[in-house]
$ cat input.csv   # CSV, C-alpha atoms
chain,number,residue,atom,x,y,z
A,1,MET,CA,-7.9,-35.0,-29.6
A,2,LYS,CA,-11.1,-33.6,-28.3
A,3,ASN,CA,-10.8,-31.1,-25.5
A,4,ASN,CA,-13.5,-32.9,-23.5
A,5,GLY,CA,-14.3,-30.0,-21.3
A,6,LYS,CA,-10.8,-29.8,-20.0
A,7,THR,CA,-10.6,-26.0,-20.3
A,8,GLY,CA,-13.5,-25.6,-17.9
A,9,ILE,CA,-12.2,-27.8,-15.2
A,10,ILE,CA,-8.7,-26.2,-15.5
A,11,ILE,CA,-10.2,-22.7,-15.0
A,12,ALA,CA,-12.3,-24.0,-12.1
A,13,GLY,CA,-9.2,-25.6,-10.6
A,14,LEU,CA,-7.2,-22.4,-10.9
A,15,ILE,CA,-10.0,-20.4,-9.2
A,16,ILE,CA,-10.4,-23.0,-6.4
A,17,GLY,CA,-6.6,-23.2,-5.8
A,18,ALA,CA,-6.4,-19.4,-5.6
A,19,ILE,CA,-9.3,-19.2,-3.2
A,20,ALA,CA,-7.7,-21.9,-1.0
A,21,SER,CA,-4.5,-19.9,-0.6
A,22,LEU,CA,-6.4,-16.7,-0.1
A,23,LEU,CA,-8.4,-18.2,2.8
A,24,VAL,CA,-5.1,-18.8,4.6
A,25,TYR,CA,-4.3,-15.1,4.0
A,26,PHE,CA,-7.7,-14.3,5.5
A,27,GLY,CA,-7.1,-16.4,8.6
A,28,ASN,CA,-7.4,-20.1,8.0
A,29,PRO,CA,-4.7,-22.4,9.3
A,30,ALA,CA,-1.6,-23.0,7.1
A,31,ASN,CA,-2.3,-25.0,3.9
A,32,MET,CA,-5.9,-25.3,5.1
A,33,GLY,CA,-7.9,-23.1,2.9
A,34,PHE,CA,-10.0,-26.1,2.4
A,35,CYS,CA,-10.0,-29.5,4.1
A,36,ILE,CA,-13.3,-31.3,4.0
A,37,ALA,CA,-12.3,-33.9,6.7
A,38,CYS,CA,-10.7,-31.3,9.0
A,39,PHE,CA,-13.6,-28.9,8.6
A,40,ILE,CA,-16.1,-31.7,9.4
A,41,ARG,CA,-14.0,-32.5,12.5
A,42,ASP,CA,-14.0,-28.9,13.6
A,43,THR,CA,-17.8,-28.6,12.9
A,44,ALA,CA,-18.4,-31.8,15.0
A,45,GLY,CA,-16.4,-30.2,17.8
A,46,GLY,CA,-18.3,-26.9,17.5
A,47,LEU,CA,-21.5,-28.9,18.0
A,48,GLY,CA,-20.0,-30.5,21.0
A,49,LEU,CA,-19.9,-34.0,19.5
A,50,HIS,CA,-16.3,-34.3,20.5
A,51,GLN,CA,-14.4,-32.5,23.3
A,52,ALA,CA,-11.0,-31.6,21.7
A,53,PRO,CA,-10.8,-27.9,22.5
A,54,PRO,CA,-8.3,-27.0,19.7
A,55,VAL,CA,-10.6,-28.1,16.9
A,56,GLN,CA,-14.0,-26.7,17.6
A,57,TYR,CA,-15.5,-24.3,15.1
A,58,ILE,CA,-18.5,-24.6,12.7
A,59,ARG,CA,-16.7,-24.1,9.4
A,60,PRO,CA,-18.7,-21.9,7.0
A,61,GLU,CA,-16.7,-23.4,4.0
A,62,ILE,CA,-18.6,-26.7,4.5
A,63,ILE,CA,-21.9,-24.9,4.7
A,64,GLY,CA,-21.0,-22.9,1.6
A,65,ILE,CA,-20.0,-26.0,-0.4
A,66,ILE,CA,-23.3,-27.8,0.5
A,67,LEU,CA,-25.5,-24.8,-0.3
A,68,GLY,CA,-23.5,-23.7,-3.4
A,69,SER,CA,-23.6,-27.1,-5.0
A,70,PHE,CA,-27.3,-27.6,-3.9
A,71,ALA,CA,-28.3,-24.3,-5.5
A,72,ILE,CA,-26.5,-25.0,-8.8
A,73,ALA,CA,-27.9,-28.5,-9.0
A,74,LEU,CA,-31.4,-27.1,-8.5
A,75,VAL,CA,-30.8,-24.4,-11.2
A,76,LYS,CA,-29.4,-27.0,-13.6
A,77,GLY,CA,-32.1,-29.5,-13.0
A,78,GLU,CA,-29.7,-32.0,-11.6
A,79,PHE,CA,-31.0,-32.2,-8.1
A,80,SER,CA,-31.9,-35.9,-7.9
A,81,PRO,CA,-31.7,-37.5,-4.4
A,82,LYS,CA,-30.8,-41.1,-4.4
A,83,GLY,CA,-30.0,-43.6,-1.7
A,84,GLY,CA,-30.8,-47.0,-0.2
A,85,SER,CA,-27.8,-49.0,-1.3
A,86,ALA,CA,-25.7,-50.7,1.3
A,87,PRO,CA,-26.2,-48.0,4.0
A,88,LEU,CA,-24.3,-49.8,6.7
A,89,THR,CA,-21.4,-50.6,4.4
A,90,ARG,CA,-21.3,-47.0,3.3
A,91,PHE,CA,-21.3,-45.9,6.9
A,92,ALA,CA,-18.5,-48.2,7.8
A,93,ILE,CA,-16.5,-47.1,4.8
A,94,GLY,CA,-17.1,-43.4,5.6
A,95,PHE,CA,-16.0,-44.0,9.1
A,96,CYS,CA,-12.7,-45.6,8.0
A,97,ILE,CA,-12.1,-42.8,5.4
A,98,MET,CA,-12.6,-40.2,8.1
A,99,ILE,CA,-10.1,-41.9,10.4
A,100,GLY,CA,-7.6,-42.2,7.5
A,101,CYS,CA,-8.0,-38.6,6.5
A,102,LEU,CA,-7.6,-37.3,10.1
A,103,MET,CA,-4.5,-39.4,10.6
A,104,PHE,CA,-3.1,-37.9,7.4
A,105,LEU,CA,-4.5,-34.5,8.5
A,106,GLY,CA,-6.2,-33.8,5.2
A,107,CYS,CA,-8.7,-35.0,2.7
A,108,PRO,CA,-7.6,-35.6,-1.0
A,109,PHE,CA,-8.4,-31.9,-1.6
A,110,ARG,CA,-6.1,-30.7,1.1
A,111,MET,CA,-3.5,-33.2,0.0
A,112,ILE,CA,-3.1,-31.1,-3.2
A,113,ILE,CA,-3.3,-27.9,-1.2
A,114,ARG,CA,-0.5,-29.2,1.1
A,115,LEU,CA,1.6,-30.0,-2.0
A,116,GLY,CA,1.0,-26.5,-3.3
A,117,GLY,CA,2.3,-25.2,0.0
A,118,GLY,CA,5.5,-27.2,-0.3
A,119,ASP,CA,4.6,-29.9,2.2
A,120,LEU,CA,6.1,-33.0,0.5
A,121,ASN,CA,4.7,-35.3,3.2
A,122,ALA,CA,1.6,-35.1,1.1
A,123,LEU,CA,3.4,-37.1,-1.7
A,124,LEU,CA,3.3,-40.1,0.6
A,125,GLY,CA,-0.4,-39.5,1.1
A,126,LEU,CA,-0.8,-39.3,-2.7
A,127,ALA,CA,1.0,-42.6,-3.1
A,128,GLY,CA,-1.2,-44.3,-0.5
A,129,PHE,CA,-4.3,-42.7,-2.0
A,130,ALA,CA,-3.4,-44.1,-5.4
A,131,LEU,CA,-2.8,-47.6,-4.0
A,132,GLY,CA,-6.1,-47.4,-2.3
A,133,ILE,CA,-7.8,-46.6,-5.6
A,134,LEU,CA,-6.1,-49.5,-7.3
A,135,ALA,CA,-7.2,-51.8,-4.5
A,136,GLY,CA,-10.8,-50.5,-4.9
A,137,VAL,CA,-10.8,-50.9,-8.6
A,138,ALA,CA,-9.4,-54.5,-8.1
A,139,PHE,CA,-12.4,-55.3,-5.8
A,140,LEU,CA,-14.8,-53.8,-8.3
A,141,ASN,CA,-13.3,-55.8,-11.2
A,142,MET,CA,-13.8,-58.9,-9.1
A,143,GLY,CA,-17.4,-58.1,-8.9
A,144,TYR,CA,-17.8,-56.2,-5.7
A,145,SER,CA,-20.8,-53.8,-5.8
A,146,LEU,CA,-22.6,-51.5,-3.4
A,147,LYS,CA,-25.7,-52.5,-5.4
A,148,ARG,CA,-28.3,-50.1,-6.8
A,149,THR,CA,-29.5,-46.9,-5.3
A,150,TYR,CA,-33.1,-45.8,-5.6
A,151,LYS,CA,-34.8,-42.4,-6.2
A,152,LEU,CA,-35.7,-40.6,-3.0
A,153,ALA,CA,-38.2,-37.9,-2.4
A,154,PRO,CA,-36.9,-34.3,-2.8
A,155,THR,CA,-37.5,-33.7,0.9
A,156,GLU,CA,-34.9,-36.5,1.6
A,157,GLY,CA,-32.3,-34.7,-0.4
A,158,GLY,CA,-33.3,-31.3,1.1
A,159,ILE,CA,-32.4,-32.4,4.6
A,160,LEU,CA,-28.6,-31.8,4.3
A,161,PRO,CA,-29.0,-28.3,2.8
A,162,ALA,CA,-31.5,-27.5,5.6
A,163,ALA,CA,-29.0,-28.8,8.2
A,164,ALA,CA,-26.4,-26.5,6.6
A,165,VAL,CA,-28.7,-23.5,7.1
A,166,VAL,CA,-29.2,-24.5,10.7
A,167,LEU,CA,-25.5,-24.8,11.2
A,168,LEU,CA,-25.1,-21.3,9.7
A,169,VAL,CA,-27.7,-19.9,12.1
A,170,LEU,CA,-25.9,-21.6,15.1
A,171,LEU,CA,-22.6,-20.2,14.0
A,172,ILE,CA,-23.9,-16.7,13.7
A,173,ALA,CA,-26.1,-16.8,16.8
A,174,ALA,CA,-23.4,-18.6,18.8
A,175,PRO,CA,-25.6,-19.9,21.6
A,176,ALA,CA,-23.9,-21.2,24.7
A,177,PHE,CA,-24.0,-24.8,23.7
A,178,ILE,CA,-21.9,-24.2,20.6
A,179,HIS,CA,-18.2,-24.6,21.2
A,180,PHE,CA,-15.5,-22.3,19.9
A,181,THR,CA,-11.8,-22.9,20.2
A,182,GLU,CA,-10.3,-20.2,22.5
A,183,PRO,CA,-8.1,-17.5,20.7
A,184,GLU,CA,-4.7,-19.0,20.1
A,185,GLY,CA,-6.1,-22.3,21.3
A,186,GLY,CA,-5.6,-24.3,18.2
A,187,PRO,CA,-6.5,-24.5,14.5
A,188,GLY,CA,-10.2,-24.1,15.4
A,189,ALA,CA,-9.3,-20.5,16.4
A,190,LYS,CA,-7.8,-19.8,13.0
A,191,HIS,CA,-10.4,-18.9,10.5
A,192,ALA,CA,-11.4,-16.3,7.9
A,193,ALA,CA,-14.4,-14.1,8.5
A,194,ILE,CA,-17.7,-16.0,8.3
A,195,ALA,CA,-18.9,-14.2,5.1
A,196,ILE,CA,-15.6,-14.7,3.3
A,197,SER,CA,-15.5,-18.5,4.2
A,198,LEU,CA,-19.1,-18.9,3.3
A,199,VAL,CA,-18.8,-17.2,-0.1
A,200,ALA,CA,-15.5,-19.1,-0.8
A,201,GLY,CA,-17.3,-22.4,0.0
A,202,ALA,CA,-20.3,-21.5,-2.2
A,203,ILE,CA,-18.0,-20.7,-5.2
A,204,VAL,CA,-16.1,-23.9,-4.7
A,205,GLY,CA,-19.3,-25.9,-4.3
A,206,CYS,CA,-20.7,-24.5,-7.5
A,207,LEU,CA,-17.5,-25.1,-9.5
A,208,ALA,CA,-17.1,-28.6,-8.1
A,209,GLN,CA,-20.7,-29.5,-8.9
A,210,ARG,CA,-20.4,-28.3,-12.5
A,211,THR,CA,-17.0,-29.9,-13.2
A,212,ARG,CA,-17.6,-33.1,-11.2
A,213,LEU,CA,-14.2,-32.4,-9.7
A,214,CYS,CA,-13.0,-35.7,-8.1
A,215,MET,CA,-9.6,-36.7,-7.1
A,216,ALA,CA,-10.3,-40.4,-6.9
A,217,GLY,CA,-12.1,-40.3,-10.2
A,218,GLY,CA,-9.1,-38.3,-11.7
A,219,LEU,CA,-6.6,-41.0,-10.8
A,220,ARG,CA,-9.0,-43.8,-11.8
A,221,ASP,CA,-9.5,-42.2,-15.3
A,222,VAL,CA,-5.7,-42.0,-15.7
A,223,VAL,CA,-5.2,-45.6,-14.7
A,224,LEU,CA,-8.2,-47.1,-16.5
A,225,PHE,CA,-8.2,-45.2,-19.8
A,226,GLN,CA,-5.5,-42.5,-19.7
A,227,ASP,CA,-7.9,-39.7,-19.6
A,228,PHE,CA,-6.6,-36.6,-17.9
A,229,ARG,CA,-9.7,-34.4,-17.7
A,230,LEU,CA,-10.5,-34.8,-14.0
A,231,ILE,CA,-6.9,-34.9,-12.8
A,232,SER,CA,-6.2,-31.7,-14.8
A,233,GLY,CA,-8.5,-29.9,-12.4
A,234,PHE,CA,-6.3,-31.0,-9.5
A,235,ILE,CA,-3.1,-30.1,-11.3
A,236,ALA,CA,-4.7,-26.6,-11.8
A,237,ILE,CA,-5.5,-26.4,-8.1
A,238,PHE,CA,-1.9,-27.3,-7.3
A,239,ALA,CA,-0.5,-24.7,-9.7
A,240,ALA,CA,-2.8,-22.0,-8.5
A,241,CYS,CA,-2.0,-22.7,-4.8
A,242,LEU,CA,1.7,-22.6,-5.5
A,243,VAL,CA,1.5,-19.3,-7.5
A,244,THR,CA,-0.9,-17.7,-5.0
A,245,ASN,CA,1.3,-18.7,-2.1
A,246,LEU,CA,4.4,-17.2,-3.9
A,247,ILE,CA,2.5,-14.0,-4.5
A,248,LEU,CA,1.1,-13.8,-1.0
A,249,GLY,CA,4.6,-14.5,0.4
A,250,ALA,CA,6.1,-11.8,-1.7
A,251,VAL,CA,3.4,-9.2,-1.0
A,252,THR,CA,2.8,-9.8,2.7
A,253,GLY,CA,6.3,-10.9,3.7
A,254,GLY,CA,4.9,-13.9,5.5
A,255,THR,CA,5.5,-17.5,4.6
A,256,TYR,CA,2.9,-19.6,2.9
A,257,PHE,CA,5.3,-22.5,2.4
A,258,HIS,CA,6.4,-25.4,4.4
A,259,ALA,CA,10.0,-24.4,4.1
A,260,PRO,CA,12.7,-25.6,6.5
A,261,CYS,CA,13.3,-23.2,9.4
A,262,ARG,CA,16.2,-20.8,9.0
A,263,LEU,CA,17.1,-21.2,12.6
A,264,CYS,CA,16.9,-24.9,13.2
A,265,GLY,CA,16.8,-26.4,9.7
A,266,THR,CA,13.9,-28.6,10.4
A,267,GLY,CA,10.6,-28.7,8.7
A,268,ASP,CA,9.0,-27.1,11.7
A,269,ARG,CA,8.3,-23.6,10.8
A,270,SER,CA,6.0,-23.2,13.7
A,271,HIS,CA,8.0,-20.5,15.4
A,272,GLY,CA,5.6,-17.8,16.4
A,273,ARG,CA,2.8,-19.9,15.0
A,274,SER,CA,0.4,-22.3,16.6
A,275,VAL,CA,1.5,-25.9,17.0
A,276,GLU,CA,0.0,-28.8,18.8
A,277,PRO,CA,2.0,-29.3,22.0
A,278,ALA,CA,1.7,-33.0,22.1
A,279,ARG,CA,3.1,-33.4,18.6
A,280,HIS,CA,5.7,-30.7,18.4
A,281,VAL,CA,9.2,-31.8,18.6
A,282,CYS,CA,11.6,-29.4,20.2
A,283,SER,CA,14.1,-28.0,17.8
A,284,ARG,CA,16.9,-28.6,20.2
A,285,THR,CA,16.3,-32.3,20.4
A,286,GLY,CA,17.1,-33.1,16.8
A,287,SER,CA,15.0,-34.3,14.0
A,288,ASN,CA,11.3,-34.9,14.0
A,289,PRO,CA,11.0,-38.7,14.4
A,290,SER,CA,7.6,-38.9,12.9
A,291,GLY,CA,8.6,-36.8,9.9
A,292,ARG,CA,5.5,-34.8,10.5
A,293,MET,CA,5.4,-31.1,9.9
A,294,PRO,CA,3.1,-29.6,12.4
A,295,ALA,CA,2.6,-26.1,11.0
A,296,ALA,CA,1.7,-27.3,7.6
A,297,SER,CA,-0.4,-30.2,8.9
A,298,ALA,CA,-2.9,-28.2,10.9
A,299,GLY,CA,-1.2,-25.8,13.3
A,300,TYR,CA,-2.6,-27.1,16.5
A,301,GLY,CA,-2.4,-25.9,20.0
A,302,ARG,CA,-0.6,-23.1,21.8
A,303,ARG,CA,1.8,-20.5,20.5
A,304,ARG,CA,5.4,-20.9,21.3
A,305,GLN,CA,8.5,-19.0,20.2
A,306,HIS,CA,11.6,-20.7,18.8
A,307,GLY,CA,14.0,-21.6,21.5
A,308,GLN,CA,11.6,-21.2,24.4
A,309,CYS,CA,11.0,-24.8,24.9
A,310,SER,CA,11.1,-25.8,28.6
A,311,ASP,CA,12.3,-29.3,27.8
A,312,SER,CA,16.1,-29.2,28.0
A,313,SER,CA,16.7,-32.9,28.6
A,314,GLY,CA,18.3,-33.1,25.2
A,315,THR,CA,16.8,-36.6,24.5
A,316,ALA,CA,16.8,-37.0,20.8
A,317,GLY,CA,13.4,-36.8,19.4
A,318,ARG,CA,11.7,-36.1,22.8
A,319,ARG,CA,8.6,-34.2,22.4
A,320,CYS,CA,8.6,-30.6,23.7
A,321,ILE,CA,6.5,-29.9,26.7
A,322,LEU,CA,5.3,-26.3,26.6
A,323,PRO,CA,5.6,-24.0,29.5
B,1,MET,CA,-26.7,-55.2,-29.3
B,2,GLU,CA,-25.3,-55.8,-25.9
B,3,ARG,CA,-26.9,-53.9,-23.1
B,4,VAL,CA,-25.3,-52.7,-19.8
B,5,ASP,CA,-27.7,-51.6,-17.1
B,6,ALA,CA,-25.8,-49.4,-14.8
B,7,ARG,CA,-28.8,-47.5,-13.4
B,8,GLY,CA,-28.5,-46.8,-9.7
B,9,LEU,CA,-24.9,-47.9,-9.5
B,10,SER,CA,-22.4,-45.7,-7.8
B,11,CYS,CA,-19.3,-44.2,-9.5
B,12,PRO,CA,-17.2,-45.9,-10.8
B,13,GLU,CA,-19.3,-49.0,-11.2
B,14,PRO,CA,-20.9,-47.9,-14.5
B,15,VAL,CA,-17.5,-47.3,-16.1
B,16,ILE,CA,-16.2,-50.7,-14.8
B,17,LEU,CA,-19.2,-52.5,-16.1
B,18,THR,CA,-19.0,-50.8,-19.5
B,19,ARG,CA,-15.3,-51.6,-19.6
B,20,LYS,CA,-15.9,-55.2,-19.0
B,21,ALA,CA,-18.6,-55.3,-21.6
B,22,LEU,CA,-16.4,-53.6,-24.2
B,23,LEU,CA,-13.8,-56.3,-23.8
B,24,GLY,CA,-16.3,-58.5,-25.8
B,25,GLY,CA,-15.3,-56.3,-28.8
B,26,ALA,CA,-18.9,-55.8,-30.2
B,27,LYS,CA,-19.6,-52.9,-32.6
B,28,GLU,CA,-22.6,-51.6,-30.7
B,29,TYR,CA,-23.6,-51.3,-27.1
B,30,GLU,CA,-26.4,-49.7,-25.1
B,31,VAL,CA,-25.5,-48.4,-21.6
B,32,LEU,CA,-28.2,-47.2,-19.2
B,33,VAL,CA,-27.3,-44.8,-16.4
B,34,ASP,CA,-29.4,-42.5,-14.2
B,35,ASN,CA,-27.2,-39.6,-13.3
B,36,VAL,CA,-25.2,-37.0,-15.2
B,37,THR,CA,-21.8,-37.9,-13.6
B,38,SER,CA,-22.1,-41.5,-14.8
B,39,ARG,CA,-23.3,-40.3,-18.2
B,40,GLU,CA,-20.2,-38.2,-18.6
B,41,ASN,CA,-17.8,-40.8,-17.2
B,42,VAL,CA,-19.1,-43.6,-19.4
B,43,THR,CA,-19.1,-41.2,-22.4
B,44,ARG,CA,-15.5,-40.3,-21.8
B,45,PHE,CA,-14.5,-43.9,-21.4
B,46,ALA,CA,-16.3,-45.1,-24.5
B,47,GLU,CA,-14.9,-42.3,-26.6
B,48,HIS,CA,-11.4,-43.2,-25.5
B,49,ALA,CA,-12.2,-46.8,-26.5
B,50,GLY,CA,-13.0,-45.5,-30.0
B,51,TYR,CA,-16.8,-45.5,-29.9
B,52,THR,CA,-19.0,-42.6,-30.9
B,53,VAL,CA,-21.6,-42.0,-28.2
B,54,THR,CA,-25.1,-40.6,-28.6
B,55,VAL,CA,-27.2,-39.9,-25.6
B,56,THR,CA,-31.0,-39.9,-25.2
B,57,GLU,CA,-32.7,-38.8,-22.0
B,58,ALA,CA,-36.0,-39.9,-20.6
B,59,GLY,CA,-37.3,-39.2,-17.1
B,60,GLY,CA,-33.9,-38.6,-15.6
B,61,GLU,CA,-32.4,-41.8,-17.1
B,62,TYR,CA,-29.9,-41.8,-19.9
B,63,THR,CA,-29.5,-44.2,-22.7
B,64,LEU,CA,-26.0,-44.2,-24.2
B,65,SER,CA,-25.7,-45.7,-27.7
B,66,LEU,CA,-22.1,-46.7,-28.3
B,67,LYS,CA,-21.1,-47.4,-32.0
B,68,LYS,CA,-17.8,-48.2,-33.6

$ encode --input "input.csv" --output "structure tokens"
Amino acid sequence: MKNNGKTGIIIAGLIIGAIASLLVYFGNPANMGFCIACFIRDTAGGLGLHQAPPVQYIRPEIIGIILGSFAIALVKGEFSPKGGSAPLTRFAIGFCIMIGCLMFLGCPFRMIIRLGGGDLNALLGLAGFALGILAGVAFLNMGYSLKRTYKLAPTEGGILPAAAVVLLVLLIAAPAFIHFTEPEGGPGAKHAAIAISLVAGAIVGCLAQRTRLCMAGGLRDVVLFQDFRLISGFIAIFAACLVTNLILGAVTGGTYFHAPCRLCGTGDRSHGRSVEPARHVCSRTGSNPSGRMPAASAGYGRRRQHGQCSDSSGTAGRRCILP
Amino acid sequence: MERVDARGLSCPEPVILTRKALLGGAKEYEVLVDNVTSRENVTRFAEHAGYTVTVTEAGGEYTLSLKK
């Protein structure tokens, strides 16, 4: 059988997966080397579009992805702005996707990164994602269409890259109206250095543009015609994340996995790490009723040490109230 | 020769339209797309369905000739 460009996408996936884990080493939140939805959320917070202090930071990875893919598209003569089909429907769909992603605490990209970090909650996300794709394909088979797009002027397509440059300037200049999560104040405070994040984003943007990396497309191709090219890129990301996390864990002595805690046996390995107070379940009150694993999910909020919870009511599943 | 005009359509509509057309079982098809991603997706699908694909490009639009 023809290789069909599979080698290229696998190599790209391996590089992307390794970069994702290394970004955590350089300071990003656990299992969050990349998360498109979370990073857009943080960037929106940085611009003051929402007022949730734990998640406010203009993420250079997003800027890098936009500028990297834009540059390579220009170089390869593939820059071809299009638009004009069903804009309100697309807006509404995008709105719903973002809500879904933030409830899951990750985009499809981070879903794979979470799996590479041993967070098996992401398996349920993967199952839901696959069902969503099947539903979408069913609608399309029944004739649903967003109708045709039209060619737009290059200036139209240049607006987003220009906005990315403005974001970068705002991040570096840090004027008073840009919000930054306070140190230890939540996942927004956890980030790699700007240059590292920017270069990492640019590399991933270039690779994704060249390989057309697409999780939804990957599953669609497997379902529709048993083609594994696109999905192999994500399998490579998973493998690279897993191996890089293992290496980083061995070399640094830290944990890059969502392993059960040695002390309490729960999935909450937030001890000494940042967790979101409202969502953290005290280790002394039994299991986590939501099944959610805060440290791997995003690492919100304030720092707390194991066993220092002020809530001693003992109510099973009661959420911990931090001192 | 049956023709599928998928220009301007978003992923994965070009593949879905091509798939529907191919159910007709003809020996030759012509699929029109206007972006590289659709060109690659439709090519991959058609090759899996046993067709050989030749691509011609003109003004940012691609004509995919599918032959069995």

$ interface_residues --input "input.csv" --of "chain B" --to "chain A" --cutoff "9 Å" --atoms "all atoms listed in the file" --output "ChimeraX atom specification"
/B:6-13,16-17,19-20,35-37,41,44-45,48-49,60

$ closest_residue --input "input.csv" --among "B:Ala21, B:Val4, B:Leu32, B:Ala26" --to "Thr63 of chain B" --atoms "all atoms listed in the file"
B:Leu32

$ atom_distance --input "input.csv" --atom1 "atom CA of Ala239 of chain A" --atom2 "atom CA of Gly17 of chain A"
7.4 Å

$ residues_near_point --input "input.csv" --point "(-7.6, -25.9, -15.6)" --cutoff "8 Å" --atoms "only C-alpha atoms" --output "list in words"
Lys6, Thr7, Gly8, Ile9, Ile10, Ile11, Ala12, Gly13, Leu14, Ser232, Gly233, Ile235, Ala236 and Ile237 of chain A

$ atom_distance --input "input.csv" --atom1 "atom CA of Ile203 of chain A" --atom2 "atom CA of Ser69 of chain A"
8.5 Å

$ closest_residue --input "input.csv" --among "B:Asp34, B:Asp5, B:Arg39, B:Ala46" --to "Glu61 of chain B" --atoms "all atoms listed in the file"
B:Asp34

$ atom_distance --input "input.csv" --atom1 "atom CA of Gln51 of chain A" --atom2 "atom CA of Ala176 of chain A"
14.8 Å

$ residues_around --input "input.csv" --residues "Ser65 of chain B" --least-positions-apart "4" --cutoff "7 Å" --atoms "all atoms listed in the file" --output "list of chain:residue names"
B:Tyr29, B:Glu30, B:Val31, B:Val53, B:Thr54, B:Val55

$ residues_near_point --input "input.csv" --point "(-17.7, -29.1, 21.4)" --cutoff "12 Å" --atoms "only C-alpha atoms" --output "PyMOL selection string"
chain A and resi 41-58+176-182+188

$ closest_residue --input "input.csv" --among "B:Met1, B:Val42, B:Leu23, B:Glu28" --to "Lys68 of chain B" --atoms "only C-alpha atoms"
B:Glu28

$ closest_residue --input "input.csv" --among "A:Cys101, A:Val169, A:Leu207, A:Ala73" --to "Gly157 of chain A" --atoms "all atoms listed in the file"
A:Ala73

$ build_atoms --input "input.csv" --residues "segment 103-108 of chain A" --atoms "all heavy atoms" --output "short mmCIF file (atom, residue, chain, number, x, y, z; two decimals), keeping the file's coordinate frame"
data_model
loop_
_atom_site.label_atom_id
_atom_site.label_comp_id
_atom_site.auth_asym_id
_atom_site.auth_seq_id
_atom_site.Cartn_x
_atom_site.Cartn_y
_atom_site.Cartn_z
N MET A 103 -5.85 -38.95 10.26
CA MET A 103 -4.50 -39.40 10.60
C MET A 103 -3.50 -38.67 9.62
O MET A 103 -2.42 -38.25 10.01
CB MET A 103 -4.34 -40.90 10.42
CG MET A 103 -4.96 -41.66 11.58
SD MET A 103 -5.04 -43.42 11.24
CE MET A 103 -3.32 -43.84 11.29
N PHE A 104 -3.92 -38.55 8.37
CA PHE A 104 -3.10 -37.90 7.40
C PHE A 104 -3.17 -36.35 7.56
O PHE A 104 -2.31 -35.60 7.10
CB PHE A 104 -3.59 -38.25 5.97
CG PHE A 104 -2.99 -37.45 4.85
CD1 PHE A 104 -1.64 -37.58 4.55
CD2 PHE A 104 -3.74 -36.57 4.11
CE1 PHE A 104 -1.08 -36.83 3.52
CE2 PHE A 104 -3.20 -35.82 3.09
CZ PHE A 104 -1.85 -35.96 2.80
N LEU A 105 -4.19 -35.92 8.28
CA LEU A 105 -4.50 -34.50 8.50
C LEU A 105 -4.86 -33.84 7.13
O LEU A 105 -4.31 -32.82 6.75
CB LEU A 105 -3.36 -33.75 9.14
CG LEU A 105 -3.22 -34.06 10.63
CD1 LEU A 105 -1.96 -33.44 11.19
CD2 LEU A 105 -4.43 -33.58 11.40
N GLY A 106 -5.77 -34.47 6.46
CA GLY A 106 -6.20 -33.80 5.20
C GLY A 106 -7.03 -34.80 4.38
O GLY A 106 -6.77 -36.00 4.38
N CYS A 107 -7.97 -34.23 3.64
CA CYS A 107 -8.70 -35.00 2.70
C CYS A 107 -7.89 -34.97 1.35
O CYS A 107 -6.88 -34.29 1.28
CB CYS A 107 -10.08 -34.40 2.46
SG CYS A 107 -9.99 -32.70 1.89
N PRO A 108 -8.32 -35.66 0.31
CA PRO A 108 -7.60 -35.60 -1.00
C PRO A 108 -7.45 -34.14 -1.48
O PRO A 108 -6.44 -33.79 -2.09
CB PRO A 108 -8.45 -36.42 -1.90
CG PRO A 108 -9.12 -37.42 -1.01
CD PRO A 108 -9.38 -36.68 0.28
#
